[in-house]
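Shown next: start07.cif, containing mmCIF, C-alpha atoms.
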data_run
loop_
_atom_site.label_atom_id
_atom_site.label_comp_id
_atom_site.auth_asym_id
_atom_site.auth_seq_id
_atom_site.Cartn_x
_atom_site.Cartn_y
_atom_site.Cartn_z
CA MET A 300 34.56 -74.74 1.01
CA ASP A 301 34.49 -70.95 1.36
CA VAL A 302 31.25 -69.10 2.03
CA ASP A 303 30.31 -66.45 -0.47
CA GLU A 304 30.27 -63.22 1.54
CA ALA A 305 27.59 -61.88 -0.78
CA THR A 306 25.12 -64.39 0.62
CA VAL A 307 25.34 -62.83 4.08
CA VAL A 308 23.88 -59.34 3.99
CA ALA A 309 23.59 -57.11 7.05
CA VAL A 310 20.13 -55.59 7.39
CA GLY A 311 19.76 -53.19 10.32
CA GLY A 312 22.52 -55.03 12.18
CA VAL A 313 20.92 -58.44 11.61
CA GLU A 314 22.43 -60.73 9.05
CA GLU A 315 19.98 -61.67 6.37
CA ILE A 316 18.75 -65.23 6.36
CA SER A 317 18.24 -66.84 2.97
CA THR A 318 17.54 -70.30 1.65
CA GLU A 319 21.17 -70.48 0.53
CA THR A 320 22.68 -69.59 3.91
CA LEU A 321 20.26 -71.85 5.78
CA ALA A 322 21.12 -74.71 3.43
CA GLN A 323 24.82 -74.32 4.25
CA TYR A 324 24.04 -74.27 7.97
CA TYR A 325 21.95 -77.45 7.80
CA GLN A 326 24.49 -79.23 5.63
CA ARG A 327 27.54 -78.40 7.70
CA LEU A 328 26.55 -77.48 11.26
CA PHE A 329 23.15 -78.77 12.36
CA PRO A 330 23.71 -81.71 14.79
CA PHE A 331 21.44 -84.24 13.06
CA SER A 332 22.97 -87.32 14.69
CA LEU A 333 22.51 -86.02 18.25
CA TYR A 334 19.09 -84.65 17.33
CA TYR A 335 17.96 -88.10 16.18
CA GLN A 336 19.42 -89.77 19.27
CA TRP A 337 17.45 -87.37 21.45
CA LEU A 338 14.06 -87.80 19.78
CA ASN A 339 14.57 -91.55 19.27
CA TYR A 340 15.68 -91.81 22.89
CA ARG A 341 18.99 -93.45 22.10
CA SER A 342 17.54 -96.61 20.55
CA SER A 343 19.72 -98.11 17.83
CA GLU A 344 16.70 -98.74 15.60
CA PRO A 345 13.92 -96.25 14.76
CA THR A 346 11.15 -96.29 17.35
CA GLN A 347 7.68 -94.86 17.29
CA ALA A 348 9.00 -92.08 19.50
CA PHE A 349 10.61 -90.82 16.30
CA THR A 350 8.63 -92.31 13.38
CA HIS A 351 5.29 -91.16 14.85
CA ARG A 352 6.60 -87.72 15.79
CA GLU A 353 5.23 -84.60 14.12
CA PHE A 354 7.67 -82.09 12.68
CA SER A 355 6.59 -78.91 10.99
CA PHE A 356 8.62 -76.77 8.63
CA THR A 357 8.30 -73.12 7.69
CA ILE A 358 9.68 -72.49 4.20
CA ASN A 359 9.72 -69.78 1.56
CA ASP A 360 8.74 -66.87 3.78
CA GLY A 361 5.72 -68.35 5.49
CA ILE A 362 4.62 -71.60 3.87
CA TYR A 363 3.83 -73.84 6.83
CA LEU A 364 4.15 -77.61 6.40
CA ARG A 365 2.55 -79.53 9.28
CA TYR A 366 2.33 -83.25 10.04
CA GLN A 367 5.69 -84.15 8.59
CA SER A 368 7.17 -87.45 9.80
CA PHE A 369 10.13 -89.62 8.88
CA LYS A 370 11.17 -93.26 9.01
CA ASP A 371 14.55 -92.45 10.52
CA GLY A 372 17.10 -89.72 11.13
CA ASP A 373 18.57 -89.97 7.65
CA ALA A 374 15.17 -89.30 6.08
CA LEU A 375 14.72 -86.22 8.26
CA GLN A 376 18.18 -84.98 7.35
CA ARG A 377 17.56 -85.39 3.61
CA GLU A 378 14.29 -83.46 3.80
CA VAL A 379 15.80 -80.63 5.82
CA HIS A 380 18.70 -80.41 3.37
CA LYS A 381 16.19 -80.27 0.53
CA LEU A 382 13.86 -77.65 2.02
CA ALA A 383 16.26 -75.57 4.14
CA PRO A 384 13.38 -74.47 6.39
CA SER A 385 13.55 -71.11 8.12
CA LYS A 386 11.99 -72.76 11.16
CA ILE A 387 11.50 -76.28 12.50
CA ASP A 388 8.84 -76.99 15.12
CA ILE A 389 8.59 -80.19 17.14
CA GLY A 390 5.21 -81.64 17.98
CA ALA A 391 3.76 -84.69 19.69
CA VAL A 392 4.13 -88.40 19.10
CA PHE A 393 0.86 -89.72 17.63
CA THR A 394 -0.94 -93.02 17.34
CA ALA A 395 0.09 -93.17 13.67
CA GLN A 396 2.68 -91.56 11.45
CA PRO A 397 1.62 -87.91 11.05
CA ARG A 398 2.20 -87.95 7.29
CA THR A 399 -0.68 -90.46 7.02
CA ALA A 400 -3.08 -88.36 9.13
CA LYS A 401 -5.36 -87.34 6.26
CA SER A 402 -6.00 -90.96 5.28
CA LEU A 403 -7.06 -92.10 8.76
CA GLN A 404 -10.54 -92.41 10.15
CA PRO A 405 -11.70 -89.62 12.49
CA GLY A 406 -10.52 -90.32 16.01
CA ALA A 407 -7.77 -92.69 14.92
CA PHE A 408 -5.09 -90.02 14.95
CA LYS A 409 -4.38 -88.78 18.46
CA PRO A 410 -1.36 -87.38 20.32
CA VAL A 411 -0.06 -89.75 22.97
CA SER A 412 3.19 -88.28 24.25
CA LYS A 413 5.53 -85.33 24.06
CA GLU A 414 8.21 -83.73 26.17
CA LEU A 415 6.82 -81.53 28.92
CA VAL A 416 7.76 -78.05 27.72
CA PHE A 417 7.88 -74.57 29.22
CA ASP A 418 8.23 -71.17 27.59
CA VAL A 419 9.32 -67.97 29.34
CA ASP A 420 9.11 -64.85 27.16
CA MET A 421 10.56 -61.48 28.10
CA THR A 422 7.51 -59.60 26.80
CA ASP A 423 5.56 -60.93 29.79
CA TYR A 424 7.83 -58.77 31.96
CA ASP A 425 7.10 -55.55 30.07
CA GLU A 426 5.02 -54.13 32.92
CA ILE A 427 8.03 -54.53 35.21
CA ARG A 428 11.23 -53.98 33.24
CA THR A 429 12.24 -50.40 32.58
CA CYS A 430 15.24 -50.95 30.30
CA CYS A 431 13.53 -52.50 27.26
CA GLN A 432 10.11 -53.29 25.85
CA GLY A 433 8.63 -55.67 23.31
CA GLY A 434 11.07 -57.85 21.44
CA ASN A 435 14.13 -55.97 22.71
CA ILE A 436 16.34 -57.33 25.46
CA CYS A 437 19.57 -56.27 27.14
CA LYS A 438 21.89 -57.76 29.73
CA LEU A 439 19.94 -56.06 32.52
CA CYS A 440 16.54 -57.58 31.81
CA TRP A 441 18.01 -60.91 30.71
CA ARG A 442 18.56 -61.56 34.41
CA PHE A 443 14.80 -62.19 34.73
CA MET A 444 15.42 -65.25 32.57
CA VAL A 445 18.26 -66.32 34.87
CA VAL A 446 15.90 -66.26 37.86
CA ALA A 447 13.21 -68.08 35.87
CA MET A 448 15.58 -70.90 34.97
CA HIS A 449 16.75 -71.30 38.57
CA VAL A 450 13.22 -71.33 40.03
CA VAL A 451 11.59 -73.63 37.47
CA ASP A 452 14.56 -75.98 37.24
CA ARG A 453 14.70 -76.47 41.01
CA ALA A 454 10.94 -77.08 41.19
CA LEU A 455 10.93 -79.63 38.39
CA ARG A 456 13.86 -81.53 39.87
CA GLU A 457 13.07 -81.31 43.57
CA ASP A 458 9.27 -81.30 43.61
CA PHE A 459 8.52 -83.57 40.63
CA GLY A 460 11.67 -85.66 40.52
CA PHE A 461 12.43 -84.98 36.86
CA THR A 462 16.08 -85.27 35.86
CA GLN A 463 16.24 -84.98 32.06
CA LEU A 464 15.88 -81.23 31.56
CA MET A 465 17.25 -79.22 28.66
CA TRP A 466 17.05 -75.43 28.69
CA VAL A 467 17.26 -73.70 25.33
CA TYR A 468 17.71 -70.04 24.41
CA SER A 469 14.90 -69.08 22.03
CA GLY A 470 17.26 -67.06 19.86
CA ARG A 471 15.76 -63.70 20.76
CA ARG A 472 13.99 -62.86 24.01
CA GLY A 473 13.28 -65.96 26.07
CA VAL A 474 14.00 -69.52 27.09
CA HIS A 475 12.37 -72.91 26.64
CA CYS A 476 12.64 -75.98 28.85
CA TRP A 477 12.27 -79.52 27.48
CA VAL A 478 11.61 -82.21 30.09
CA SER A 479 12.36 -85.57 28.51
CA ASP A 480 11.70 -87.97 31.39
CA GLU A 481 9.35 -90.71 30.21
CA ARG A 482 6.95 -89.92 33.05
CA ALA A 483 6.77 -86.31 31.86
CA ARG A 484 6.31 -87.30 28.21
CA ARG A 485 3.36 -89.52 29.14
CA LEU A 486 1.40 -86.74 30.86
CA ASP A 487 -1.98 -85.98 29.29
CA ASP A 488 -3.39 -82.46 29.03
CA ALA A 489 -4.85 -82.64 32.54
CA GLY A 490 -1.50 -83.66 33.98
CA ARG A 491 0.25 -80.87 32.13
CA ARG A 492 -2.29 -78.35 33.38
CA ALA A 493 -1.63 -79.57 36.92
CA VAL A 494 2.12 -78.99 36.57
CA ALA A 495 1.60 -75.57 34.98
CA GLY A 496 -0.86 -74.64 37.70
CA TYR A 497 1.57 -75.71 40.39
CA LEU A 498 4.28 -73.48 38.92
CA GLY A 499 1.96 -70.56 38.12
CA LEU A 500 2.02 -67.97 40.86
CA VAL A 501 1.60 -64.51 39.34
CA ARG A 502 -2.09 -64.08 38.47
CA GLY A 503 -3.94 -61.15 36.93
CA GLY A 504 -3.54 -58.69 34.09
CA ALA A 505 -1.72 -55.40 33.86
CA ASP A 506 -4.61 -53.57 35.54
CA GLN A 507 -4.44 -55.72 38.69
CA SER A 508 -2.08 -54.21 41.25
CA ARG A 509 -1.71 -57.19 43.62
CA LYS A 510 -0.97 -60.39 41.70
CA VAL A 511 0.51 -62.48 44.52
CA ASN A 512 -1.36 -62.74 47.82
CA LEU A 513 -0.52 -66.02 49.50
CA SER A 514 -2.50 -67.62 52.30
CA GLN A 515 -0.80 -68.78 55.48
CA ARG A 516 -0.93 -72.37 54.25
CA GLN A 517 0.50 -71.52 50.83
CA SER A 518 3.30 -69.53 52.43
CA LYS A 519 4.60 -72.66 54.14
CA HIS A 520 4.82 -74.70 50.96
CA PRO A 521 8.42 -75.79 50.18
CA HIS A 522 8.17 -74.48 46.60
CA ILE A 523 7.17 -71.01 47.82
CA ILE A 524 9.88 -70.95 50.49
CA ARG A 525 12.55 -72.12 48.04
CA SER A 526 11.45 -69.72 45.28
CA ALA A 527 11.41 -66.78 47.70
CA GLU A 528 14.96 -67.66 48.80
CA ILE A 529 16.19 -67.77 45.20
CA ILE A 530 14.46 -64.50 44.35
CA GLU A 531 15.74 -62.74 47.46
CA GLU A 532 19.28 -63.39 46.25
CA TYR A 533 18.64 -61.50 43.00
CA PHE A 534 15.89 -59.04 43.87
CA GLU A 535 17.82 -55.96 44.96
CA SER A 536 20.36 -56.04 42.15
CA ILE A 537 17.77 -56.70 39.40
CA LEU A 538 14.71 -54.74 40.49
CA LEU A 539 16.14 -51.92 42.61
CA VAL A 540 19.54 -51.34 41.02
CA ASP A 541 19.28 -52.45 37.39
CA GLN A 542 15.60 -51.66 36.80
CA GLU A 543 15.21 -48.82 39.38
CA ILE A 544 11.51 -49.66 39.77
CA LEU A 545 11.00 -46.84 42.30
CA LEU A 546 13.04 -44.15 40.54
CA THR A 547 10.17 -41.99 39.26
CA ARG A 548 6.62 -41.32 40.45
CA GLU A 549 5.25 -43.18 37.44
CA ARG A 550 7.19 -46.26 38.52
CA TRP A 551 6.68 -46.15 42.29
CA THR A 552 2.93 -45.57 41.89
CA LYS A 553 2.62 -49.06 40.37
CA VAL A 554 4.30 -50.63 43.39
CA LEU A 555 2.44 -48.54 45.97
CA ALA A 556 -0.86 -49.50 44.34
CA ALA A 557 -0.35 -53.02 45.69
CA LEU A 558 -0.10 -51.77 49.29
CA PRO A 559 -3.28 -52.74 51.18
CA ASP A 560 -3.15 -49.53 53.25
CA GLU A 561 -4.22 -46.23 51.75
CA ASP A 562 -2.60 -44.10 54.45
CA LEU A 563 0.76 -45.72 53.79
CA ARG A 564 0.38 -45.19 50.06
CA LYS A 565 -0.31 -41.49 50.54
CA THR A 566 2.48 -41.03 53.09
CA LEU A 567 5.14 -42.65 50.90
CA ASP A 568 3.97 -40.96 47.72
CA ALA A 569 4.16 -37.54 49.36
CA LYS A 570 7.58 -38.17 50.90
CA TRP A 571 9.11 -39.54 47.71
CA SER A 572 7.61 -36.75 45.62
CA SER A 573 9.35 -34.22 47.85
CA LYS A 574 12.66 -36.09 47.53
CA PRO A 575 12.52 -37.87 44.17
CA ASP A 576 16.29 -38.41 43.98
CA ILE A 577 16.28 -41.05 46.71
CA SER A 578 17.48 -44.34 45.23
CA SER A 579 15.12 -47.25 44.67
CA VAL A 580 17.10 -49.26 47.22
CA ASP A 581 16.49 -46.62 49.91
CA LYS A 582 12.83 -46.15 48.94
CA TRP A 583 12.21 -49.88 49.15
CA SER A 584 13.88 -50.08 52.55
CA GLU A 585 11.82 -47.15 53.81
CA MET A 586 8.60 -48.66 52.49
CA ILE A 587 9.20 -52.05 54.07
CA ASP A 588 10.16 -50.46 57.39
CA LEU A 589 6.88 -48.53 57.50
CA VAL A 590 4.88 -51.58 56.40
CA ASP A 591 6.44 -53.73 59.13
CA LYS A 592 5.69 -51.13 61.81
CA ARG A 593 2.09 -50.76 60.62
CA ALA A 594 1.66 -54.54 60.54
CA ILE A 595 2.85 -54.83 64.15
CA ARG A 596 0.45 -52.10 65.31
CA ALA A 597 -2.39 -53.72 63.43
CA LYS A 598 -1.45 -57.13 64.87
CA SER A 599 -1.69 -58.50 61.35
CA LYS A 600 0.38 -61.52 60.43
CA PHE A 601 -0.67 -61.45 56.79
CA GLY A 602 -1.52 -58.83 54.20
CA LEU A 603 0.92 -56.19 55.42
CA ALA A 604 3.15 -58.63 57.26
CA ASN A 605 4.01 -60.55 54.08
CA PHE A 606 3.84 -57.65 51.68
CA GLU A 607 7.60 -57.63 51.07
CA ARG A 608 7.79 -61.33 50.20
CA ASP A 609 4.65 -61.24 48.03
CA MET A 610 5.88 -58.20 46.11
CA MET A 611 9.31 -59.71 45.56
CA LEU A 612 7.60 -62.78 44.11
CA GLN A 613 5.21 -60.68 42.03
CA LEU A 614 8.00 -58.65 40.49
CA THR A 615 10.54 -61.45 39.95
CA TYR A 616 8.84 -64.87 39.85
CA PRO A 617 8.84 -66.65 36.44
CA ARG A 618 5.98 -65.79 34.10
CA LEU A 619 5.23 -68.92 32.11
CA ASP A 620 3.21 -69.14 28.91
CA GLU A 621 0.88 -71.83 30.22
CA ASN A 622 -0.66 -72.55 26.81
CA VAL A 623 2.67 -73.94 25.64
CA THR A 624 2.79 -76.35 28.57
CA THR A 625 -0.81 -77.47 28.91
CA HIS A 626 -1.55 -78.83 25.43
CA LEU A 627 -0.02 -82.12 24.35
CA ASN A 628 -0.24 -81.25 20.66
CA HIS A 629 1.27 -77.77 20.99
CA LEU A 630 4.27 -77.23 18.72
CA LEU A 631 7.47 -75.64 19.99
CA LYS A 632 10.43 -74.27 18.08
CA SER A 633 13.23 -76.79 17.77
CA PRO A 634 16.66 -76.37 19.34
CA PHE A 635 19.33 -75.33 16.83
CA CYS A 636 16.90 -73.37 14.64
CA ILE A 637 17.95 -69.93 13.45
CA HIS A 638 15.80 -67.13 14.83
CA PRO A 639 14.53 -65.02 11.90
CA LYS A 640 14.67 -61.71 13.81
CA THR A 641 18.19 -61.99 15.19
CA GLY A 642 19.91 -64.65 13.09
CA ARG A 643 21.01 -66.31 16.34
CA VAL A 644 20.96 -70.06 16.90
CA CYS A 645 18.50 -71.49 19.43
CA THR A 646 21.17 -73.01 21.65
CA PRO A 647 21.04 -75.27 24.71
CA ILE A 648 22.02 -73.67 28.01
CA ALA A 649 24.14 -75.78 30.34
CA HIS A 650 22.53 -76.49 33.69
CA ASP A 651 25.50 -75.04 35.56
CA LYS A 652 25.72 -71.90 33.41
CA PHE A 653 22.39 -70.17 33.99
CA ASP A 654 24.13 -67.14 35.51
CA SER A 655 26.99 -66.90 33.03
CA PHE A 656 25.03 -67.57 29.84
CA ASP A 657 25.11 -64.49 27.60
CA PRO A 658 22.51 -64.38 24.80
CA PHE A 659 24.57 -61.76 22.99
CA GLN A 660 27.46 -64.18 22.66
CA VAL A 661 25.34 -66.82 20.94
CA PRO A 662 26.57 -67.10 17.34
CA THR A 663 24.55 -65.85 14.40
CA LEU A 664 24.10 -67.66 11.13
CA GLY A 665 26.36 -65.26 9.26
CA GLN A 666 29.06 -65.45 11.92
CA LEU A 667 29.09 -69.26 11.74
CA LEU A 668 29.28 -69.34 7.96
CA ARG A 669 32.22 -66.96 8.01
CA GLU A 670 33.94 -69.08 10.64
CA LEU A 671 33.63 -72.08 8.34
CA ASN A 672 36.02 -70.36 5.94
CA ASP A 673 38.84 -70.87 8.46
CA HIS A 674 37.64 -73.61 10.80
CA ALA A 675 36.22 -77.11 10.72
CA PRO A 676 32.53 -77.39 11.74
CA ASP A 677 33.50 -78.74 15.16
CA ALA A 678 35.77 -75.75 15.78
CA THR A 679 33.24 -72.97 15.26
CA SER A 680 31.60 -70.99 18.06
CA LEU A 681 28.63 -73.37 17.88
CA ALA A 682 30.79 -76.21 19.24
CA GLU A 683 30.31 -75.43 22.93
CA TYR A 684 26.54 -75.50 22.55
CA THR A 685 26.65 -78.73 20.59
CA ALA A 686 28.76 -80.17 23.39
CA THR A 687 26.09 -79.16 25.91
CA PHE A 688 23.49 -80.90 23.76
CA SER A 689 25.70 -83.99 23.52
CA GLU A 690 26.01 -84.16 27.31
CA PHE A 691 22.24 -83.94 27.67
CA VAL A 692 21.64 -86.72 25.13
CA ALA A 693 24.32 -88.94 26.68
CA ALA A 694 22.59 -88.64 30.06
CA LEU A 695 19.28 -89.97 28.72
CA PRO A 696 18.56 -93.48 30.01
CA ALA A 697 19.79 -96.16 27.66
CA PRO A 698 16.99 -98.31 26.20
CA PRO A 699 16.74 -101.97 27.30
CA GLN A 700 19.15 -104.08 25.25
CA ASP A 701 16.47 -106.54 24.21
CA ALA A 702 13.84 -103.93 23.35
CA LYS A 703 12.58 -104.00 19.80
CA SER A 704 11.76 -100.84 17.95
CA SER A 705 8.10 -101.77 17.51
CA GLN A 706 7.75 -102.28 21.26
CA SER A 707 9.37 -99.05 22.37
CA LEU A 708 6.03 -97.33 22.78
CA GLU A 709 2.74 -99.06 23.41
CA PHE A 710 -0.33 -97.24 22.16
#

Spell out the structure here as structure tokens.
Amino acid sequence: MDVDEATVVAVGGVEEISTETLAQYYQRLFPFSLYYQWLNYRSSEPTQAFTHREFSFTINDGIYLRYQSFKDGDALQREVHKLAPSKIDIGAVFTAQPRTAKSLQPGAFKPVSKELVFDVDMTDYDEIRTCCQGGNICKLCWRFMVVAMHVVDRALREDFGFTQLMWVYSGRRGVHCWVSDERARRLDDAGRRAVAGYLGLVRGGADQSRKVNLSQRQSKHPHIIRSAEIIEEYFESILLVDQEILLTRERWTKVLAALPDEDLRKTLDAKWSSKPDISSVDKWSEMIDLVDKRAIRAKSKFGLANFERDMMLQLTYPRLDENVTTHLNHLLKSPFCIHPKTGRVCTPIAHDKFDSFDPFQVPTLGQLLRELNDHAPDATSLAEYTATFSEFVAALPAPPQDAKSSQSLEF
């Protein structure tokens, strides 16, 4: 079946998304079988993990359909084929089927489980990155996402013992993490807040100059030590070479403002102003050398002594949208959706490919539909991402052989 080229229209470099093109994508490329296996947690019969799950659809340029639920994967597939939604969001598993919510007594409809999710958005780095702003990204600032995935992934695995993690490219400017371990899914809002609080390190708004100032006790925590080691590996190339955060007076003033020593701030500002062409790498080295000497003279182990580490964390540590994590009933965009601003698929990112993943190589809707003219669905450029998803689903624990669907979740 050939795709009508007229249905894919380039608008400002982004291929237009229409009900017709989305319908073809859902009918021929969306991995419904794997998707159902994931959210039904590999049970052969429908479980409440799926039948009591909320889905929401965005259709017809903004009509938002919440509290959708389905008896099985086939029912979900038929509805998606029928509606061709521009966006699918995944919500919590409830005490009853979400489609019956309006008929239930108050208090009878409550969320009881959901994957523990994390959202890292590039716009939260706008005060740091110098290459792009807002919804724009490039290969230089994408490396902030690489660091975020490494830091958060290691913490979730090593500090919390979670193993069933799926990272997903948002389709435009960020990444999501879905933690599917049963222990994670069972966390209530308080538990989710505790995890988010544990991972949250950078505190304060754009007007606050020092956002990381660790105590001696905090500095010895394994998560801080490990995160600092990961960040140290990337810091110079990302912040000093790619972003050149000390290149101009406007930029270096923001960094110097965090120095807890006014004399040092004035000394460095004057010196760099007289020789503005010094590279960010050399300016950083000079600043840290002076800070270390001043710290020794002041016999201070903290404040100045740990300024370098704290600033590296402040400038590079992951910036999580805690609201996405902390609320059990918070919806999150589904994997394999098409992002409306870029036309790119929200694709899984293999655990061993954080560094090599290139968001600009992720296929667009129009690209995939054109590929279908010459290739089978499993031979398009989406295939490698579907394979990553398949590996994730296959690694989920198999349900007990004698478990019945009605007993899979106890509410």

Problem - Pick from A:Glu344, A:Glu607, A:Glu457, A:Asp480 nearest to Asn512 (chain A), counting only C-alpha atoms - result: A:Glu607

Exercise for the section: Evaluate the PyMOL selection byres ((chain A and resi 493) around 12) and record the selected residues as a PyMOL selection string, following the chain and residue labels used in the document. Expected result: chain A and resi 415+459+483+486-492+494-499+621+624-626

Practice task
Would you mind listing what lies within 8 Å of Ile389 (chain A) as a list of chain:residue names, with all atoms listed in the file counted and same-chain residues fewer than 2 positions away left out?
Solution key: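 After dropping sequence-adjacent residues, the list is A:Arg352, A:Glu353, A:Phe354, A:Ser355, A:Ile387, A:Ala391, A:Leu630, A:Leu631, A:Lys632, A:Ser633.
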
Handout entry: Length of the CA of Lys510 (chain A) to CA of Glu549 (chain A) vector [Å]
Key =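 So the two atoms, CA of Lys510 (chain A) and CA of Glu549 (chain A), lie 18.8 Å apart.
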
Practice task
Rank A:Arg428, A:Arg502, A:Ser514, A:Ile648 by their smallest atom-to-atom distance to Leu545 (chain A), using only C-alpha atoms, and report the top residue only.
Solution key: A:Arg428

Exercise for the section: Could you tell me which of A:Leu627, A:Ile358, A:Cys430, A:Val451 comes closest to Glu414 (chain A) if we count only C-alpha atoms? Expected result: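 Among the listed residues, the smallest separation from Glu414 (chain A) belongs to A:Leu627.
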
Exercise for the section: Kindly extract all protein, DNA and RNA residues lying within 6 Å of the coordinates (25.9, -67.9, 7.8) given in the file, considering all atoms listed in the file, and supply them as a PyMOL selection string. Expected result: chain A and resi 320+664-668

Problem - Output of the PyMOL selection byres ((chain A and resi 573-575) around 12), listed as a PyMOL selection string - result: chain A and resi 545-551+566-572+576-579+581-582

Problem - the PyMOL selection byres ((chain A and resi 683-685) around 10) resolved against shown file, as a list in words - result: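 For this structure, the PyMOL selection byres ((chain A and resi 683-685) around 10) resolves to Leu328, Phe329, Pro330, Leu333, Val467, Phe635, Val644, Cys645, Thr646, Pro647, Ile648, Ala649, Val661, Pro662, Asp677, Ala678, Thr679, Ser680, Leu681, Ala682, Ala686, Thr687, Phe688, Ser689, Glu690 and Phe691 of chain A.
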
Problem - Option closest in space to Tyr325 (chain A), from A:Val540, A:Leu513, A:Cys636, A:Ala527 [counting only C-alpha atoms] - result: A:Cys636

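Take the candidates A:Met465, A:Ile436, A:Ile529, A:Ile587 and check each one against Pro658 (chain A) using only C-alpha atoms; the shortest distance goes to A:Ile436.
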
Practice task
Compile the contact shell of Phe534 (chain A) as a ChimeraX atom specification: residues with an atom at most 12 Å away, counting all atoms listed in the file, same-chain residues fewer than 2 positions apart removed.
Solution key: /A:442-443,445-446,526-532,536-544,579-580,583,607-608,610-616

Practice task
Tell me which of A:Ala395, A:Val554, A:Ile523, A:Leu695 sits closest to Phe369 (chain A), counting only C-alpha atoms.
Solution key: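 The shortest atom-to-atom distance to Phe369 (chain A) comes from A:Ala395.
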
Problem - Coordinates-based distance that separates CA of Gly433 (chain A) from CA of Ala556 (chain A) (Å, one decimal) - result: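 Separation between CA of Ala556 (chain A) and CA of Gly433 (chain A): 23.9 Å.
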
Problem - Coordinates-based distance that separates CA of Val511 (chain A) from CA of Glu561 (chain A) (Å, one decimal) - result: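 Computed distance, CA of Glu561 (chain A) to CA of Val511 (chain A), equals 18.4 Å.
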